[in-house]
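Student: Take this structure, written in structure tokens, and hold onto it; I'll ask about it next.
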Amino acid sequence: MNIDAHLLIDGQWEVGKSGLQPNIDPGTGEAVGVVTLADTAQVQAALESAHRASSTWGMQPGQARGAILKKASALLADRIQEVAKGLVQESGKTQADAISELRRTIETLAWNGEEASRISGKVHQGLVVGSARLSVPTPLGVVIAITPWNFPAVVIGRKLGAALAAGCTVVLKASEFTPYTARAIVQALVDAGMPDGVVNLIFGEPAAVSRQLMASSLVKAVSFTGSTSVGKQLAALAAPNLIRPIFELGGHAPVIVWKGADIENVVRVTAPAKFGSAGQSCVAPTRFLAHHSIHDALVDALVAKARTYKLGHGGEHTTTLGPVAHAGRVASFLHLVEDAVAKGAVINTGGKRLERSGFYVEPTVLSSVSRDAEILLEEPFGPVATVQSVGTIDHAIELANAGEYSFAAYVFTDSISVRDELVHRLNASNIGVNQTAFSQPDVPLGGLGNSGYGYEGGTEGVLAYMHLRLISQSPA
Ligand code: NAD
């Protein structure tokens with residue numbers, strides 16, 4: 001299967017003129033295709049194309065924009081098996097994870113397609129007889145979307161779905177690690193009848209391309225999902241032109257498991273989020289904070305679960321845990337485990353890389369992790385869970401709220417008062433109580449503090465790409 005990816009500029013696929021990069025299968029470490037990279041003239045052409053298309057696209061009735069999104073969603077559903085194969089090859093995900101992510105993408109495009117026809121403003125009473133004040137949602141214009149490799153389909157679905165529903169046009173700079181998935185989603189939009197220039201897809205040298213894009217006065221918003229460090233660089237680049245930022249950044253989710261919690265259920269519920277996509281998720285439950293009365297039982301149950309996973313290439317039917325995305329993720333995993341052990345942590349299971357080609361690390365559980373271990377502060381982005389023992393709610397909250405992130409957090413308890421206190425005191429913007437908490441198309445979700453600002457999802461996610469103009473009118 002050909003998983004090469006090129007640029008889409010003004011409705012035409014073209015080869016990037018600034019060289020190419022291999023597309024590496026994390027399951028083998030070998031190239032399975034190439035992605036070609038834009039030069040500065042191509043980046044500029046993509047911007048100008050999006051700018052030209054923006055007035056006509058923004059003027060279309062919401063129903064017309066929504067119809068294209070819904071058709072693209074249906075086309076992607078028809079192509080799901082083929083697209084999943086490419087997604088598995090370039091990301092290392094298992095077949096099940098790839099299909100599940102694509103289903104969420106299909107649902108997201110369809111939901112935003114429906115939402116396009118629901119966009120509405122308000123009529124406020126005027127201040128003098130016969131007058132009125134209209135609050136009118138208006139598309140912002142050209143949006144830059146920059147997306148990561150860990151959920152290369154659904155993150156693109158969330159950004160394109162909402163921005164296009166709102167009537168904005170987009171220059172999408174997708175991750176060079178997962179270019180085929182971006183190509184497949186954009187192709188579905190093209191085949192659904194998206195007018196030329198409404199979506200442009202580029203790849204390139206990320207820092208240089210972003211600098212060029214963000215320096216343009218044509219750009220009105222930047223929607224970025226990725227690491228906090230890159231988010232901060234983009235925020236600085238957005239400042240001179242006051243480009244509106246919508247940022248979904250890192251996370252490092254605590255999981256508070258209180259006395260009396262059903263341990264088997266905790267593990268059954270959290271394991272798919274911990275080990276799915278090899279743990280490379282911003283909402284992955286990682287820092288388990290167990291009441292001391294159930295600490296040992298939780299460690300044992302997590303270890304038993306971790307040992308059930310069958311590590312292998314995502315394309316093999318027996319695989320239940322795939323590789324991590326690239327060599328850098330393996331190095332980071334090994335460093336974090338080594339640092340934790342040097343500071344007193346116990347490896348209850350896993351902790352090593354697999355001696356085979358590709359980027360495989362074992363599902364890992366660490367206990368007795370010292371507070372200063374880097375793994376508690378830095379997103380491990382791998383199939384690793386840490387367990388710490390806590391005695392009081394104050395202690396649990398202190399550890400849960402340590403660190404720079406404020407995104408997902410989980411609470412497992414059958415006590416309503418414990419639940420209410422923890423939810424109230426957790427410094428987190430996405431809290432799952434006795435369940436995990438993924439992004440969904442119909443509800444807004446965004447990080448706080450170093451985990452981002454703005455929302456994706458729901459009506460609020462579409463309004464993020466719009467400005468409410470105030471029209472105050474009186475009779476002539
Ligand atoms: P990343 O920040 O390295 O890259 C994200 C995107 O930014 C890619 O397109 C990349 O090419 C580009 N980029 C990289 N360096 C850049 C630079 N200097 N200037 C401009 N652009 C640059 O992140 P990643 O490793 O691809 O993804 C993992 C990160 O994404 C994790 O931190 C994870 O928590 C976060 N994430 C957050 C959410 C959320 O909803 N909050 C969802 C998924 C992933």
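The way I read the labels, and the way they are meant: chains A, B, ... in the order of the structure tokens, residue 1 as the first residue of every chain, and ligand 1 as the first ligand shown, with later ones counted on from there.
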Please provide as a ChimeraX atom specification all residues within 9 Å of Asp10 of chain A, with the sequence filter that same-chain residues fewer than 2 positions apart are discarded (counting only C-alpha atoms).
Tutor: /A:8,12-13,45-46,48-50,53,195-200
Student: Dump N, CA, C and O atoms for the selected residues as a PDB file, in the first residue's frame?
Tutor:
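See part05.pdb below for the written result:
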ATOM      1  N   LEU A   8      -1.338  19.551  -0.344  1.00  0.00           N
ATOM      2  CA  LEU A   8      -2.525  19.980  -1.103  1.00  0.00           C
ATOM      3  C   LEU A   8      -2.572  21.508  -1.023  1.00  0.00           C
ATOM      4  O   LEU A   8      -2.749  22.072   0.065  1.00  0.00           O
ATOM      5  N   GLN A  12      -4.878  21.365  -5.459  1.00  0.00           N
ATOM      6  CA  GLN A  12      -4.006  20.481  -6.263  1.00  0.00           C
ATOM      7  C   GLN A  12      -3.000  19.772  -5.354  1.00  0.00           C
ATOM      8  O   GLN A  12      -2.363  20.419  -4.525  1.00  0.00           O
ATOM      9  N   TRP A  13      -2.859  18.457  -5.561  1.00  0.00           N
ATOM     10  CA  TRP A  13      -1.788  17.739  -4.852  1.00  0.00           C
ATOM     11  C   TRP A  13      -0.472  18.046  -5.545  1.00  0.00           C
ATOM     12  O   TRP A  13      -0.384  17.978  -6.768  1.00  0.00           O
ATOM     13  N   ALA A  45       1.926  30.040  -0.781  1.00  0.00           N
ATOM     14  CA  ALA A  45       0.825  29.737  -1.711  1.00  0.00           C
ATOM     15  C   ALA A  45      -0.360  29.133  -0.953  1.00  0.00           C
ATOM     16  O   ALA A  45      -1.527  29.447  -1.249  1.00  0.00           O
ATOM     17  N   ALA A  46      -0.068  28.294   0.039  1.00  0.00           N
ATOM     18  CA  ALA A  46      -1.151  27.688   0.830  1.00  0.00           C
ATOM     19  C   ALA A  46      -1.909  28.767   1.603  1.00  0.00           C
ATOM     20  O   ALA A  46      -3.147  28.776   1.650  1.00  0.00           O
ATOM     21  N   GLU A  48      -2.128  32.002   0.857  1.00  0.00           N
ATOM     22  CA  GLU A  48      -2.884  32.881  -0.055  1.00  0.00           C
ATOM     23  C   GLU A  48      -4.115  32.161  -0.602  1.00  0.00           C
ATOM     24  O   GLU A  48      -5.179  32.769  -0.771  1.00  0.00           O
ATOM     25  N   SER A  49      -3.983  30.873  -0.841  1.00  0.00           N
ATOM     26  CA  SER A  49      -5.129  30.098  -1.319  1.00  0.00           C
ATOM     27  C   SER A  49      -6.238  30.081  -0.260  1.00  0.00           C
ATOM     28  O   SER A  49      -7.424  30.283  -0.565  1.00  0.00           O
ATOM     29  N   ALA A  50      -5.843  29.847   1.008  1.00  0.00           N
ATOM     30  CA  ALA A  50      -6.843  29.831   2.081  1.00  0.00           C
ATOM     31  C   ALA A  50      -7.494  31.206   2.214  1.00  0.00           C
ATOM     32  O   ALA A  50      -8.708  31.321   2.442  1.00  0.00           O
ATOM     33  N   ALA A  53     -10.021  31.769  -0.599  1.00  0.00           N
ATOM     34  CA  ALA A  53     -11.240  30.946  -0.459  1.00  0.00           C
ATOM     35  C   ALA A  53     -12.119  31.399   0.696  1.00  0.00           C
ATOM     36  O   ALA A  53     -13.299  31.036   0.778  1.00  0.00           O
ATOM     37  N   PRO A 195     -14.491  23.040  -1.799  1.00  0.00           N
ATOM     38  CA  PRO A 195     -13.939  23.921  -2.838  1.00  0.00           C
ATOM     39  C   PRO A 195     -12.422  24.110  -2.678  1.00  0.00           C
ATOM     40  O   PRO A 195     -11.896  24.047  -1.564  1.00  0.00           O
ATOM     41  N   ASP A 196     -11.749  24.368  -3.784  1.00  0.00           N
ATOM     42  CA  ASP A 196     -10.292  24.563  -3.768  1.00  0.00           C
ATOM     43  C   ASP A 196      -9.913  25.653  -2.761  1.00  0.00           C
ATOM     44  O   ASP A 196     -10.571  26.694  -2.684  1.00  0.00           O
ATOM     45  N   GLY A 197      -8.856  25.405  -2.039  1.00  0.00           N
ATOM     46  CA  GLY A 197      -8.321  26.430  -1.140  1.00  0.00           C
ATOM     47  C   GLY A 197      -8.925  26.425   0.248  1.00  0.00           C
ATOM     48  O   GLY A 197      -8.376  27.035   1.163  1.00  0.00           O
ATOM     49  N   VAL A 198     -10.068  25.750   0.431  1.00  0.00           N
ATOM     50  CA  VAL A 198     -10.711  25.786   1.755  1.00  0.00           C
ATOM     51  C   VAL A 198      -9.873  25.023   2.777  1.00  0.00           C
ATOM     52  O   VAL A 198      -9.726  25.444   3.920  1.00  0.00           O
ATOM     53  N   VAL A 199      -9.307  23.896   2.330  1.00  0.00           N
ATOM     54  CA  VAL A 199      -8.339  23.191   3.183  1.00  0.00           C
ATOM     55  C   VAL A 199      -7.066  23.006   2.381  1.00  0.00           C
ATOM     56  O   VAL A 199      -7.092  22.505   1.254  1.00  0.00           O
ATOM     57  N   ASN A 200      -5.951  23.416   2.944  1.00  0.00           N
ATOM     58  CA  ASN A 200      -4.634  23.194   2.344  1.00  0.00           C
ATOM     59  C   ASN A 200      -3.835  22.359   3.334  1.00  0.00           C
ATOM     60  O   ASN A 200      -3.907  22.598   4.546  1.00  0.00           O
TER      61      ASN A 200
END
Student: Residues within 9 Å of Val387 of chain A, please, as a ChimeraX atom specification. Count only C-alpha atoms; anything in the same chain fewer than 4 positions from it doesn't count.
Tutor: /A:286-290,295,298-299,365-369
Student: Go ahead and save the picked residues with all heavy atoms, as a CSV table (one decimal), in the first residue's frame.
Tutor:
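Output below, filename result-v9.csv:
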chain,number,residue,atom,x,y,z
A,286,THR,N,-1.9,7.8,34.5
A,286,THR,CA,-0.5,7.4,34.8
A,286,THR,C,-0.2,7.4,36.3
A,286,THR,O,0.4,6.4,36.7
A,286,THR,CB,0.4,8.3,34.0
A,286,THR,OG1,0.3,8.2,32.6
A,286,THR,CG2,1.9,8.0,34.4
A,287,ARG,N,-0.5,8.4,37.0
A,287,ARG,CA,0.0,8.5,38.4
A,287,ARG,C,-1.1,8.0,39.3
A,287,ARG,O,-1.9,8.8,39.8
A,287,ARG,CB,0.4,10.0,38.7
A,287,ARG,CG,1.5,10.5,37.8
A,287,ARG,CD,1.8,12.0,38.2
A,287,ARG,NE,0.8,12.9,37.8
A,287,ARG,CZ,0.3,13.9,38.6
A,287,ARG,NH1,0.8,14.0,39.8
A,287,ARG,NH2,-0.7,14.7,38.2
A,288,PHE,N,-1.0,6.7,39.6
A,288,PHE,CA,-2.1,6.1,40.5
A,288,PHE,C,-1.7,6.5,41.9
A,288,PHE,O,-0.6,6.2,42.4
A,288,PHE,CB,-2.1,4.6,40.3
A,288,PHE,CG,-2.8,4.2,39.0
A,288,PHE,CD1,-2.1,4.3,37.8
A,288,PHE,CD2,-4.1,3.7,39.0
A,288,PHE,CE1,-2.7,3.9,36.6
A,288,PHE,CE2,-4.7,3.3,37.8
A,288,PHE,CZ,-4.0,3.4,36.6
A,289,LEU,N,-2.7,7.1,42.6
A,289,LEU,CA,-2.5,7.4,44.0
A,289,LEU,C,-3.5,6.6,44.8
A,289,LEU,O,-4.7,6.9,44.8
A,289,LEU,CB,-2.8,9.0,44.2
A,289,LEU,CG,-1.9,9.9,43.3
A,289,LEU,CD1,-2.4,11.3,43.3
A,289,LEU,CD2,-0.4,9.7,43.7
A,290,ALA,N,-3.0,5.6,45.5
A,290,ALA,CA,-3.8,4.6,46.1
A,290,ALA,C,-3.9,4.8,47.6
A,290,ALA,O,-2.8,4.9,48.2
A,290,ALA,CB,-3.3,3.2,45.7
A,295,HIS,N,-3.4,-0.2,48.5
A,295,HIS,CA,-2.2,0.0,47.6
A,295,HIS,C,-1.7,-1.3,47.0
A,295,HIS,O,-1.5,-1.4,45.8
A,295,HIS,CB,-1.1,0.7,48.4
A,295,HIS,CG,0.2,0.8,47.7
A,295,HIS,ND1,1.2,-0.1,47.8
A,295,HIS,CD2,0.7,1.8,46.9
A,295,HIS,CE1,2.2,0.2,47.1
A,295,HIS,NE2,1.9,1.4,46.5
A,298,LEU,N,-3.9,-3.0,44.5
A,298,LEU,CA,-3.9,-2.2,43.2
A,298,LEU,C,-2.6,-2.5,42.4
A,298,LEU,O,-2.7,-2.8,41.2
A,298,LEU,CB,-4.0,-0.7,43.4
A,298,LEU,CG,-4.1,0.1,42.1
A,298,LEU,CD1,-5.3,-0.3,41.3
A,298,LEU,CD2,-4.1,1.6,42.4
A,299,VAL,N,-1.5,-2.5,43.1
A,299,VAL,CA,-0.2,-2.8,42.4
A,299,VAL,C,-0.3,-4.2,41.7
A,299,VAL,O,-0.1,-4.4,40.5
A,299,VAL,CB,1.0,-2.8,43.3
A,299,VAL,CG1,2.3,-3.3,42.6
A,299,VAL,CG2,1.2,-1.3,43.8
A,365,VAL,N,4.9,-1.3,35.4
A,365,VAL,CA,4.3,-0.8,36.6
A,365,VAL,C,5.4,-0.5,37.6
A,365,VAL,O,6.3,-1.4,37.8
A,365,VAL,CB,3.3,-1.7,37.2
A,365,VAL,CG1,2.7,-1.2,38.5
A,365,VAL,CG2,2.2,-2.1,36.2
A,366,LEU,N,5.5,0.7,38.1
A,366,LEU,CA,6.5,1.1,39.1
A,366,LEU,C,5.8,1.5,40.4
A,366,LEU,O,4.8,2.2,40.4
A,366,LEU,CB,7.2,2.4,38.6
A,366,LEU,CG,8.0,2.3,37.3
A,366,LEU,CD1,8.6,3.7,37.0
A,366,LEU,CD2,9.1,1.3,37.3
A,367,SER,N,6.3,1.1,41.5
A,367,SER,CA,5.8,1.5,42.8
A,367,SER,C,6.9,2.1,43.7
A,367,SER,O,8.1,2.1,43.2
A,367,SER,CB,5.1,0.4,43.6
A,367,SER,OG,6.0,-0.7,43.8
A,368,SER,N,6.6,2.6,44.8
A,368,SER,CA,7.5,3.3,45.7
A,368,SER,C,8.3,4.4,45.0
A,368,SER,O,9.5,4.5,45.1
A,368,SER,CB,8.5,2.3,46.3
A,368,SER,OG,7.9,1.3,47.0
A,369,VAL,N,7.6,5.2,44.1
A,369,VAL,CA,8.3,6.2,43.3
A,369,VAL,C,8.4,7.4,44.2
A,369,VAL,O,7.5,7.9,44.8
A,369,VAL,CB,7.4,6.5,42.1
A,369,VAL,CG1,8.1,7.5,41.2
A,369,VAL,CG2,7.1,5.2,41.3
Student: Please give me, as a PyMOL selection string, the residues lying within 7 Å of ligand 1 when counting only C-alpha atoms and all ligand atoms.
Tutor: chain A and resi 146-151+155+173-176+206-207+210+225-231+233-234+248-251+281-282+446-447+451-452
Student: Just N, CA, C and O atoms for this one: save the residues we selected as a CSV table (one decimal), in the first residue's frame.
Tutor:
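Saved file again.csv follows:
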chain,number,residue,atom,x,y,z
A,146,ILE,N,-2.3,22.9,13.6
A,146,ILE,CA,-1.0,22.1,13.7
A,146,ILE,C,-1.3,20.9,14.6
A,146,ILE,O,-1.8,21.1,15.7
A,147,THR,N,-1.0,19.7,14.1
A,147,THR,CA,-1.5,18.5,14.8
A,147,THR,C,-0.4,17.5,15.1
A,147,THR,O,0.6,17.5,14.4
A,148,PRO,N,-0.6,16.7,16.1
A,148,PRO,CA,0.4,15.7,16.6
A,148,PRO,C,0.3,14.4,15.9
A,148,PRO,O,-0.7,14.1,15.2
A,149,TRP,N,1.2,13.5,16.3
A,149,TRP,CA,1.2,12.1,15.7
A,149,TRP,C,0.4,11.1,16.6
A,149,TRP,O,0.1,10.0,16.1
A,150,ASN,N,0.1,11.5,17.8
A,150,ASN,CA,-0.4,10.4,18.7
A,150,ASN,C,-1.9,10.1,18.5
A,150,ASN,O,-2.3,9.0,18.6
A,151,PHE,N,-2.7,11.1,18.1
A,151,PHE,CA,-4.0,10.8,17.6
A,151,PHE,C,-4.2,11.6,16.2
A,151,PHE,O,-4.8,12.6,16.2
A,155,VAL,N,-7.6,14.2,16.0
A,155,VAL,CA,-7.3,15.6,16.3
A,155,VAL,C,-7.5,16.5,15.1
A,155,VAL,O,-8.0,17.6,15.1
A,173,LYS,N,-1.0,22.0,9.1
A,173,LYS,CA,0.4,21.5,9.1
A,173,LYS,C,0.3,20.3,10.0
A,173,LYS,O,0.3,20.4,11.3
A,174,ALA,N,0.2,19.1,9.4
A,174,ALA,CA,0.0,17.9,10.2
A,174,ALA,C,1.4,17.3,10.5
A,174,ALA,O,2.4,17.7,10.0
A,175,SER,N,1.4,16.3,11.5
A,175,SER,CA,2.7,15.8,11.9
A,175,SER,C,3.4,15.0,10.8
A,175,SER,O,2.7,14.2,10.1
A,176,GLU,N,4.7,15.2,10.6
A,176,GLU,CA,5.5,14.5,9.6
A,176,GLU,C,5.6,13.1,9.9
A,176,GLU,O,6.0,12.3,9.1
A,206,PRO,N,9.1,21.8,11.0
A,206,PRO,CA,8.0,22.4,11.8
A,206,PRO,C,8.3,23.8,12.3
A,206,PRO,O,7.4,24.7,12.2
A,207,ALA,N,9.5,24.1,12.9
A,207,ALA,CA,9.7,25.4,13.5
A,207,ALA,C,9.7,26.5,12.4
A,207,ALA,O,9.1,27.5,12.6
A,210,SER,N,6.2,27.1,11.0
A,210,SER,CA,5.3,27.8,11.9
A,210,SER,C,5.7,29.2,12.0
A,210,SER,O,4.8,30.1,12.0
A,225,THR,N,-2.5,21.3,18.7
A,225,THR,CA,-2.4,20.2,19.7
A,225,THR,C,-1.1,19.6,19.7
A,225,THR,O,-0.6,19.2,18.6
A,226,GLY,N,-0.4,19.6,20.9
A,226,GLY,CA,0.9,19.1,20.9
A,226,GLY,C,1.5,19.4,22.3
A,226,GLY,O,0.8,19.6,23.3
A,227,SER,N,2.8,19.4,22.4
A,227,SER,CA,3.5,19.6,23.7
A,227,SER,C,3.4,21.0,24.2
A,227,SER,O,3.3,22.0,23.4
A,228,THR,N,3.5,21.1,25.5
A,228,THR,CA,3.4,22.4,26.2
A,228,THR,C,4.6,23.3,25.7
A,228,THR,O,4.4,24.5,25.5
A,229,SER,N,5.8,22.7,25.5
A,229,SER,CA,6.9,23.5,25.1
A,229,SER,C,6.7,24.1,23.8
A,229,SER,O,7.0,25.3,23.6
A,230,VAL,N,6.2,23.4,22.8
A,230,VAL,CA,6.0,23.9,21.5
A,230,VAL,C,4.8,24.9,21.6
A,230,VAL,O,4.8,26.0,20.9
A,231,GLY,N,3.8,24.6,22.4
A,231,GLY,CA,2.7,25.5,22.6
A,231,GLY,C,3.2,26.9,23.0
A,231,GLY,O,2.7,28.0,22.5
A,233,GLN,N,6.1,28.2,22.4
A,233,GLN,CA,6.8,28.9,21.3
A,233,GLN,C,5.7,29.5,20.3
A,233,GLN,O,5.9,30.6,19.8
A,234,LEU,N,4.7,28.7,20.1
A,234,LEU,CA,3.6,29.2,19.2
A,234,LEU,C,2.9,30.4,19.8
A,234,LEU,O,2.5,31.3,19.0
A,248,GLU,N,-4.4,22.8,22.8
A,248,GLU,CA,-4.6,21.6,23.6
A,248,GLU,C,-3.2,21.0,23.8
A,248,GLU,O,-2.6,20.5,22.9
A,249,LEU,N,-2.7,21.1,25.0
A,249,LEU,CA,-1.3,20.8,25.3
A,249,LEU,C,-1.2,19.5,26.1
A,249,LEU,O,-2.0,18.7,26.2
A,250,GLY,N,-0.1,19.4,26.9
A,250,GLY,CA,0.3,18.2,27.6
A,250,GLY,C,-0.6,17.9,28.8
A,250,GLY,O,-1.4,18.8,29.2
A,251,GLY,N,-0.5,16.7,29.3
A,251,GLY,CA,-1.2,16.3,30.5
A,251,GLY,C,-0.5,15.2,31.2
A,251,GLY,O,0.4,14.5,30.5
A,281,SER,N,-1.0,9.1,25.1
A,281,SER,CA,-2.2,9.9,25.1
A,281,SER,C,-2.1,11.0,26.2
A,281,SER,O,-1.6,10.8,27.3
A,282,CYS,N,-2.7,12.2,25.8
A,282,CYS,CA,-2.6,13.3,26.8
A,282,CYS,C,-3.5,13.1,28.0
A,282,CYS,O,-3.4,13.7,29.0
A,446,GLY,N,-11.1,21.4,27.2
A,446,GLY,CA,-9.8,22.2,27.0
A,446,GLY,C,-9.0,22.1,28.3
A,446,GLY,O,-9.5,21.8,29.4
A,447,GLY,N,-7.7,22.3,28.2
A,447,GLY,CA,-6.8,22.2,29.3
A,447,GLY,C,-6.8,23.6,30.0
A,447,GLY,O,-7.1,24.6,29.4
A,451,SER,N,-1.7,23.2,30.3
A,451,SER,CA,-2.3,22.2,29.5
A,451,SER,C,-3.1,22.9,28.3
A,451,SER,O,-3.8,22.2,27.6
A,452,GLY,N,-3.1,24.2,28.3
A,452,GLY,CA,-3.7,24.9,27.1
A,452,GLY,C,-4.7,25.9,27.5
A,452,GLY,O,-5.0,26.2,28.6
Student: With only C-alpha atoms as the counted atoms, please give the residues lying no more than 9 Å from segment 321-329 of chain A, apart from itself and same-chain residues fewer than 3 positions off, as a ChimeraX atom specification.
Tutor: /A:24-27,29,90-94,149-150,177,275-280,309-315,332-334,358-361,363,380-383
Student: I need the residues from that last selection saved to file as a short mmCIF file (atom, residue, chain, number, x, y, z; two decimals), in the first residue's frame (with N, CA and C atoms), if you can.
Tutor:
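What ended up in result-v5.cif:
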data_model
loop_
_atom_site.label_atom_id
_atom_site.label_comp_id
_atom_site.auth_asym_id
_atom_site.auth_seq_id
_atom_site.Cartn_x
_atom_site.Cartn_y
_atom_site.Cartn_z
N ILE A 24 8.39 6.27 8.66
CA ILE A 24 8.92 5.06 9.30
C ILE A 24 7.80 4.29 10.00
N ASP A 25 7.75 2.99 9.77
CA ASP A 25 6.84 2.11 10.50
C ASP A 25 7.47 1.82 11.87
N PRO A 26 6.84 2.30 12.98
CA PRO A 26 7.45 2.08 14.30
C PRO A 26 7.52 0.60 14.67
N GLY A 27 6.73 -0.22 13.97
CA GLY A 27 6.73 -1.65 14.27
C GLY A 27 7.92 -2.38 13.68
N GLY A 29 10.77 -0.21 12.23
CA GLY A 29 11.86 0.75 12.13
C GLY A 29 12.23 1.04 10.69
N GLU A 90 1.99 3.69 10.01
CA GLU A 90 2.83 4.86 10.30
C GLU A 90 2.84 5.27 11.77
N SER A 91 1.85 4.78 12.55
CA SER A 91 1.79 5.22 13.95
C SER A 91 2.16 4.12 14.92
N GLY A 92 2.08 2.85 14.49
CA GLY A 92 2.34 1.73 15.40
C GLY A 92 1.12 1.29 16.17
N LYS A 93 -0.02 1.98 15.99
CA LYS A 93 -1.23 1.59 16.74
C LYS A 93 -1.65 0.17 16.36
N THR A 94 -2.39 -0.45 17.28
CA THR A 94 -2.99 -1.73 16.93
C THR A 94 -4.15 -1.45 15.97
N TRP A 149 1.21 13.47 16.26
CA TRP A 149 1.18 12.11 15.69
C TRP A 149 0.42 11.14 16.56
N ASN A 150 0.11 11.49 17.83
CA ASN A 150 -0.40 10.43 18.71
C ASN A 150 -1.87 10.10 18.45
N PHE A 177 5.31 12.68 11.20
CA PHE A 177 5.40 11.26 11.58
C PHE A 177 4.19 10.47 11.08
N PHE A 275 -2.92 1.66 28.36
CA PHE A 275 -2.08 0.89 27.43
C PHE A 275 -2.52 1.03 25.98
N GLY A 276 -3.70 1.59 25.73
CA GLY A 276 -4.12 1.86 24.35
C GLY A 276 -3.17 2.87 23.72
N SER A 277 -2.94 2.78 22.41
CA SER A 277 -1.99 3.65 21.71
C SER A 277 -0.65 3.68 22.45
N ALA A 278 -0.30 2.54 23.08
CA ALA A 278 0.95 2.39 23.84
C ALA A 278 1.13 3.50 24.88
N GLY A 279 0.02 3.97 25.44
CA GLY A 279 0.09 4.97 26.51
C GLY A 279 0.39 6.38 26.04
N GLN A 280 0.41 6.58 24.72
CA GLN A 280 0.81 7.90 24.19
C GLN A 280 -0.42 8.79 24.00
N TYR A 309 -0.82 -8.25 28.19
CA TYR A 309 -0.69 -7.63 26.85
C TYR A 309 0.30 -8.39 26.00
N LYS A 310 -0.07 -8.49 24.71
CA LYS A 310 0.81 -9.15 23.75
C LYS A 310 1.43 -8.06 22.89
N LEU A 311 2.73 -7.82 23.12
CA LEU A 311 3.45 -6.77 22.37
C LEU A 311 3.76 -7.24 20.96
N GLY A 312 3.52 -6.39 19.98
CA GLY A 312 3.87 -6.79 18.62
C GLY A 312 3.49 -5.71 17.62
N HIS A 313 3.71 -6.00 16.38
CA HIS A 313 3.36 -5.06 15.31
C HIS A 313 1.85 -4.88 15.29
N GLY A 314 1.41 -3.64 15.14
CA GLY A 314 -0.03 -3.36 15.16
C GLY A 314 -0.81 -4.12 14.10
N GLY A 315 -0.13 -4.49 13.02
CA GLY A 315 -0.83 -5.19 11.93
C GLY A 315 -1.05 -6.67 12.20
N SER A 332 13.32 8.16 25.86
CA SER A 332 12.70 8.91 26.95
C SER A 332 12.13 7.95 28.00
N PHE A 333 11.47 6.86 27.54
CA PHE A 333 10.90 5.85 28.45
C PHE A 333 12.01 5.26 29.33
N LEU A 334 13.10 4.82 28.68
CA LEU A 334 14.19 4.17 29.43
C LEU A 334 14.82 5.15 30.42
N GLY A 358 12.27 -2.13 15.46
CA GLY A 358 11.06 -1.38 15.83
C GLY A 358 11.25 -0.79 17.22
N PHE A 359 10.22 -0.09 17.70
CA PHE A 359 10.36 0.71 18.93
C PHE A 359 9.43 0.17 20.03
N TYR A 360 9.84 -0.94 20.62
CA TYR A 360 8.98 -1.63 21.58
C TYR A 360 9.48 -1.47 23.01
N VAL A 361 8.57 -1.07 23.91
CA VAL A 361 8.91 -1.08 25.34
C VAL A 361 7.84 -1.88 26.07
N PRO A 363 5.06 -3.13 28.81
CA PRO A 363 4.10 -2.50 29.72
C PRO A 363 4.69 -2.57 31.13
N PRO A 380 5.14 10.77 30.68
CA PRO A 380 5.96 9.65 30.20
C PRO A 380 5.58 9.22 28.79
N PHE A 381 4.34 9.44 28.38
CA PHE A 381 3.91 9.13 27.02
C PHE A 381 4.36 7.73 26.60
N GLY A 382 4.03 6.76 27.43
CA GLY A 382 4.38 5.39 27.15
C GLY A 382 3.54 4.48 28.03
N PRO A 383 3.65 3.15 27.86
CA PRO A 383 2.80 2.22 28.60
C PRO A 383 3.31 1.99 30.02
#
Student: Give me the residues near Ile106 of chain A as a PyMOL selection string, where near means some atom within 9 Å (using only C-alpha atoms) and where sequence neighbours in that chain fewer than 5 positions away do not count.
Tutor: chain A and resi 70+72-77+101+111+154+157
Student: Where in segment 175-312 of chain A does DSSP assign strand (DSSP E or B), given as a PyMOL selection string?
Tutor: chain A and resi 199-202+219-225+244-248+253-257+285-291+311
Student: One decimal, Å: what's the distance from atom CA of Lys259 of chain A over to atom CA of Arg419 of chain A, could you say?
Tutor: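 About the pair atom CA of Lys259 of chain A and atom CA of Arg419 of chain A: they are 11.9 Å apart.
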